[in-house]
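Trainee: Take a look at this one; I'll ask things after.
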Protein chains: 2
Amino acid sequence: MSKVTADTSISVDGFSAGVNQRLDAPFGDGVGEDGIRLHRWMFEAAEENAAELAALTAAGAYIMGRNMFTPGRGEWDLDWKGWWGDDPPYHAPTFVLTHHPRDPIEMEGGTTFIFVTDGIEAALEQAKAAAKGRDVKIGGGVETVRQYLRAGLIDELHFALSPVVLGQGEAMFSGMDLPALGYRVTEHQATENATHIVLSR
Amino acid sequence: MSKVTADTSISVDGFSAGVNQRLDAPFGDGVGEDGIRLHRWMFEAAEENAAELAALTAAGAYIMGRNMFTPGRGEWDLDWKGWWGDDPPYHAPTFVLTHHPRDPIEMEGGTTFIFVTDGIEAALEQAKAAAKGRDVKIGGGVETVRQYLRAGLIDELHFALSPVVLGQGEAMFSGMDLPALGYRVTEHQATENATHIVLSR
C-alpha cells in the first residue's frame, strides 16, 4: 500500500537542517557548514547506507512547502521555477503548498510542480492520486514536515541522527508529543556516521 | 587533570529521563516504562558498552540537585537520607545543591552527603577539592545538568542516544545553543542499542 513518508537528518540537539536532502542535492536547502557535517553519513560508508540513500528517490509524488520552492513571498514571480534548474531531482508530480494560486509548471525529466492552495490534507489527497500506488514523500521544509506529523498524516518518518550539535535551526520535534500522536521507533540501524531511525504510526 | 563530567540517556526526541543512571540504579530516578527502553543499551550488548558502563562509577566526587536527593521540599525532614539505603552507590563525597542548610550525612561505603547552599560554582569548587584529582560527576537531575552546561562548567557530557521517543519529560538541550557555549561532539560510537556521544568544550 502507498505510504506517506518523509526523510531528514537531525542533530543530536534536535535540529533538522536540510530536509529533503538527496543524492543530487545532498545538503538539502539553506544549510551551512554545520549541515555538511550533519549529512556526512551520505558520503562516508555509502555502501552501508545504500538502502537509506535509495529510499530518498523512491516516491511517486512529493509535497513541499512554498518556502522550500522559492525564496519569494507574496505574489508569484512567474519566472521562478524552483532551485533545481530545468530537470529537478523529483522526476514525479510535486505539490507545492501555497496561499497564492499558480498554474502547474511542467519541467524536464518528469517533474511537474503543482500549486495547492487548499491546505495540507487536500495536497495529500492529490499527491496520493498522482503517485498511482507508490509512496508520497513530504519533501520539506521542516515546518511542513512538522505540520504533517502533528496531523498524524505521515506513516513513516525516516531520519538520520548525526553526531553533531547545531545549536540553532528548526527543532523538528519541539513541542510535539510523538507517542501521543501514535508514533514510535520501529526501526533503528547504527552506522559509523549516523543512526538511522524510522518512526512509524 | 580532573574533569567535570555528566552522563545521561536521551531519547531521539530530546528528552532525558533518568539522569545518573548507573549499574545498581539503571533507570535513574523517576523513570517509567519508556525509560526502561531508554536504558536498554545498559542491558544488551553489555560487553560492547563496557567502557561506558565503567565510566558511570569512576568519579571522585558527585554533585546533585536537591530534587534528586529527596522528594521533599522546603525545610529538611532529617530522617530522609536519600533514596539509596544505607550504602548509596556513590562511594564518594556527594554534594547536594539546596537552599536549606543541613549537616553532612556520612553513609556506609564511603558516600558522604554534603549540603551546599551557596550555588553551583561553590559546590563545584568543593567537589573538585574533595575529588583529589579524580573526576567530578554532575549526577543530575536534568535541570542541574542543564545549569552546569549553561554555565560552561561541564568538560564532558557523555550521553547515550537511545532509539525511542518519549514525547514528554525534561528536554536536555532545549533553548541551549551548545556550539555557542563551546561544546561540540568529540566522540561518537554507534552500538546496537544506542549511539554513545561525548560532548566536550
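Note on naming: chains are A, B, ... as they come in the C-alpha cells, residues start from 1 per chain, ligands start from 1 in the order shown.
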Determine, for each residue of chain B having at least one atom at most 10 Å from an atom of chain A, the closest pair of atoms and their separation in Å to one decimal, counting only C-alpha atoms; order by chain and ascending number, as a Markdown table.
Mentor:
```
| residue | atom | partner | partner_atom | distance |
| --- | --- | --- | --- | --- |
| B:Ile10 | CA | A:Val12 | CA | 9.1 |
| B:Ser11 | CA | A:Val12 | CA | 9.7 |
| B:Val12 | CA | A:Val12 | CA | 7.8 |
| B:Asp13 | CA | A:Phe173 | CA | 5.9 |
| B:Gly14 | CA | A:Gly14 | CA | 6.3 |
| B:Leu161 | CA | A:Val12 | CA | 7.9 |
| B:Ser162 | CA | A:His188 | CA | 9.5 |
| B:Pro163 | CA | A:Val185 | CA | 6.4 |
| B:Val164 | CA | A:Val185 | CA | 5.6 |
| B:Val165 | CA | A:Arg184 | CA | 6.2 |
| B:Leu166 | CA | A:Pro179 | CA | 6.6 |
| B:Gly167 | CA | A:Asp177 | CA | 3.9 |
| B:Gln168 | CA | A:Asp177 | CA | 6.2 |
| B:Gly169 | CA | A:Asp177 | CA | 9.9 |
| B:Ala171 | CA | A:Ser174 | CA | 9.2 |
| B:Met172 | CA | A:Asp13 | CA | 8.4 |
| B:Phe173 | CA | A:Asp13 | CA | 6.0 |
| B:Ser174 | CA | A:Asp13 | CA | 7.9 |
| B:Gly175 | CA | A:Gly167 | CA | 8.5 |
| B:Met176 | CA | A:Gly167 | CA | 6.7 |
| B:Asp177 | CA | A:Gly167 | CA | 3.9 |
| B:Leu178 | CA | A:Gly167 | CA | 5.1 |
| B:Pro179 | CA | A:Gly167 | CA | 5.6 |
| B:Ala180 | CA | A:Gly167 | CA | 7.1 |
| B:Leu181 | CA | A:Gly167 | CA | 9.0 |
| B:Tyr183 | CA | A:Val165 | CA | 8.0 |
| B:Arg184 | CA | A:Val165 | CA | 6.2 |
| B:Val185 | CA | A:Val164 | CA | 5.6 |
| B:Thr186 | CA | A:Pro163 | CA | 8.9 |
| B:Glu187 | CA | A:Pro163 | CA | 8.3 |
| B:His188 | CA | A:Pro163 | CA | 6.5 |
| B:Gln189 | CA | A:Glu192 | CA | 7.5 |
| B:Ala190 | CA | A:Ala190 | CA | 5.4 |
| B:Thr191 | CA | A:Ala190 | CA | 6.4 |
| B:Glu192 | CA | A:Ala190 | CA | 6.5 |
| B:Asn193 | CA | A:Ala190 | CA | 8.3 |
| B:Ala194 | CA | A:Ala190 | CA | 7.9 |
| B:Thr195 | CA | A:Thr195 | CA | 7.0 |
| B:His196 | CA | A:Pro163 | CA | 9.1 |
| B:Ile197 | CA | A:Pro163 | CA | 7.0 |
| B:Val198 | CA | A:Pro163 | CA | 9.2 |
| B:Leu199 | CA | A:Val165 | CA | 8.7 |
```
Trainee: Could you list, as a PyMOL selection string, every residue within 10 Å of Arg102 (chain A), counting only C-alpha atoms and ignoring same-chain residues fewer than 5 positions away?
Mentor: chain A and resi 75-76+78+96+113-117
Trainee: Once you have the residues from the selection above, write them out as an mmCIF file, in the first residue's frame, restricted to N, CA and C atoms.
Mentor:
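After the write, out_39.cif holds the following:
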```cif
data_model
loop_
_atom_site.group_PDB
_atom_site.id
_atom_site.type_symbol
_atom_site.label_atom_id
_atom_site.label_comp_id
_atom_site.auth_asym_id
_atom_site.auth_seq_id
_atom_site.Cartn_x
_atom_site.Cartn_y
_atom_site.Cartn_z
ATOM 1 N N GLU A 75 2.892 37.502 -3.838
ATOM 2 C CA GLU A 75 2.530 37.134 -5.215
ATOM 3 C C GLU A 75 3.708 36.452 -5.911
ATOM 4 N N TRP A 76 3.380 35.596 -6.849
ATOM 5 C CA TRP A 76 4.415 34.814 -7.535
ATOM 6 C C TRP A 76 5.241 35.650 -8.498
ATOM 7 N N LEU A 78 6.638 34.795 -11.735
ATOM 8 C CA LEU A 78 6.375 33.650 -12.620
ATOM 9 C C LEU A 78 7.627 33.150 -13.342
ATOM 10 N N VAL A 96 3.181 21.855 -4.310
ATOM 11 C CA VAL A 96 3.738 22.954 -3.532
ATOM 12 C C VAL A 96 2.603 23.636 -2.768
ATOM 13 N N PHE A 113 5.524 20.753 -11.168
ATOM 14 C CA PHE A 113 5.168 21.468 -9.937
ATOM 15 C C PHE A 113 3.702 21.866 -10.007
ATOM 16 N N ILE A 114 2.956 21.445 -8.990
ATOM 17 C CA ILE A 114 1.515 21.716 -8.943
ATOM 18 C C ILE A 114 1.242 22.488 -7.658
ATOM 19 N N PHE A 115 0.581 23.619 -7.768
ATOM 20 C CA PHE A 115 0.420 24.536 -6.644
ATOM 21 C C PHE A 115 -0.941 24.325 -6.003
ATOM 22 N N VAL A 116 -0.930 24.077 -4.695
ATOM 23 C CA VAL A 116 -2.144 23.712 -3.967
ATOM 24 C C VAL A 116 -2.434 24.791 -2.934
ATOM 25 N N THR A 117 -3.626 25.342 -2.985
ATOM 26 C CA THR A 117 -3.955 26.454 -2.089
ATOM 27 C C THR A 117 -4.955 26.076 -1.003
#
```
Trainee: So that I can check the surroundings of Glu106 (chain A), please list as a short mmCIF file (atom, residue, chain, number, x, y, z; two decimals) with N, CA and C atoms, in the first residue's frame every protein, DNA and RNA residue that reaches within 10 Å of it, counting only C-alpha atoms and ignoring chain neighbours fewer than 6 positions away.
Mentor:
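Okay, part-v2.cif is ready:
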```
data_model
loop_
_atom_site.label_atom_id
_atom_site.label_comp_id
_atom_site.auth_asym_id
_atom_site.auth_seq_id
_atom_site.Cartn_x
_atom_site.Cartn_y
_atom_site.Cartn_z
N LYS A 81 11.17 29.08 -11.21
CA LYS A 81 10.70 27.70 -11.39
C LYS A 81 11.43 26.74 -10.45
N ASP A 86 16.44 23.07 -14.96
CA ASP A 86 15.40 22.59 -15.87
C ASP A 86 14.92 21.18 -15.55
N ASP A 87 15.80 20.39 -14.91
CA ASP A 87 15.47 18.99 -14.64
C ASP A 87 15.57 18.71 -13.14
N PRO A 93 5.28 14.12 -10.00
CA PRO A 93 4.44 15.27 -9.62
C PRO A 93 4.84 15.77 -8.23
N THR A 112 6.62 17.74 -12.39
CA THR A 112 5.64 18.81 -12.61
C THR A 112 5.34 19.45 -11.26
N PHE A 113 5.52 20.75 -11.17
CA PHE A 113 5.17 21.47 -9.94
C PHE A 113 3.70 21.87 -10.01
N ILE A 114 2.96 21.45 -8.99
CA ILE A 114 1.51 21.72 -8.94
C ILE A 114 1.24 22.49 -7.66
#
```
Trainee: Residues near region 120-135 of chain A, anyone? I mean within 8 Å using only C-alpha atoms, not counting same-chain ones fewer than 3 positions away, as a list in words.
Mentor: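 These residues fall inside the cut-off: Met1, Ser2, Lys3, Val4, Thr5, Ala58, Ala59, Gly60, Ala61, Tyr62, Ile63, Pro93, Thr94, Phe95, Leu97, Val116, Gln147 and Tyr148 of chain A.
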Trainee: One number please: CA of Asp77 (chain B) to CA of Ile138 (chain B), in Å, one decimal.
Mentor: 23.9 Å
Trainee: Determine which residues of region 140-179 of chain B receive a DSSP assignment of strand (DSSP E or B), computed from the backbone, and state them as an MDAnalysis selection string.
Mentor: chainID B and resid 140 156:162 171
Trainee: For those residues, write C-alpha atoms to a file as a CSV table (one decimal), in the first residue's frame.
Mentor:
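out.csv was written with the following content:
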```
chain,number,residue,atom,x,y,z
B,140,GLY,CA,21.6,15.1,38.0
B,156,GLU,CA,32.5,16.3,29.0
B,157,LEU,CA,28.8,15.3,28.7
B,158,HIS,CA,28.5,11.6,27.9
B,159,PHE,CA,25.2,10.5,26.7
B,160,ALA,CA,23.5,7.5,25.1
B,161,LEU,CA,21.1,8.4,22.4
B,162,SER,CA,18.5,5.7,22.5
B,171,ALA,CA,14.4,18.3,27.3
```
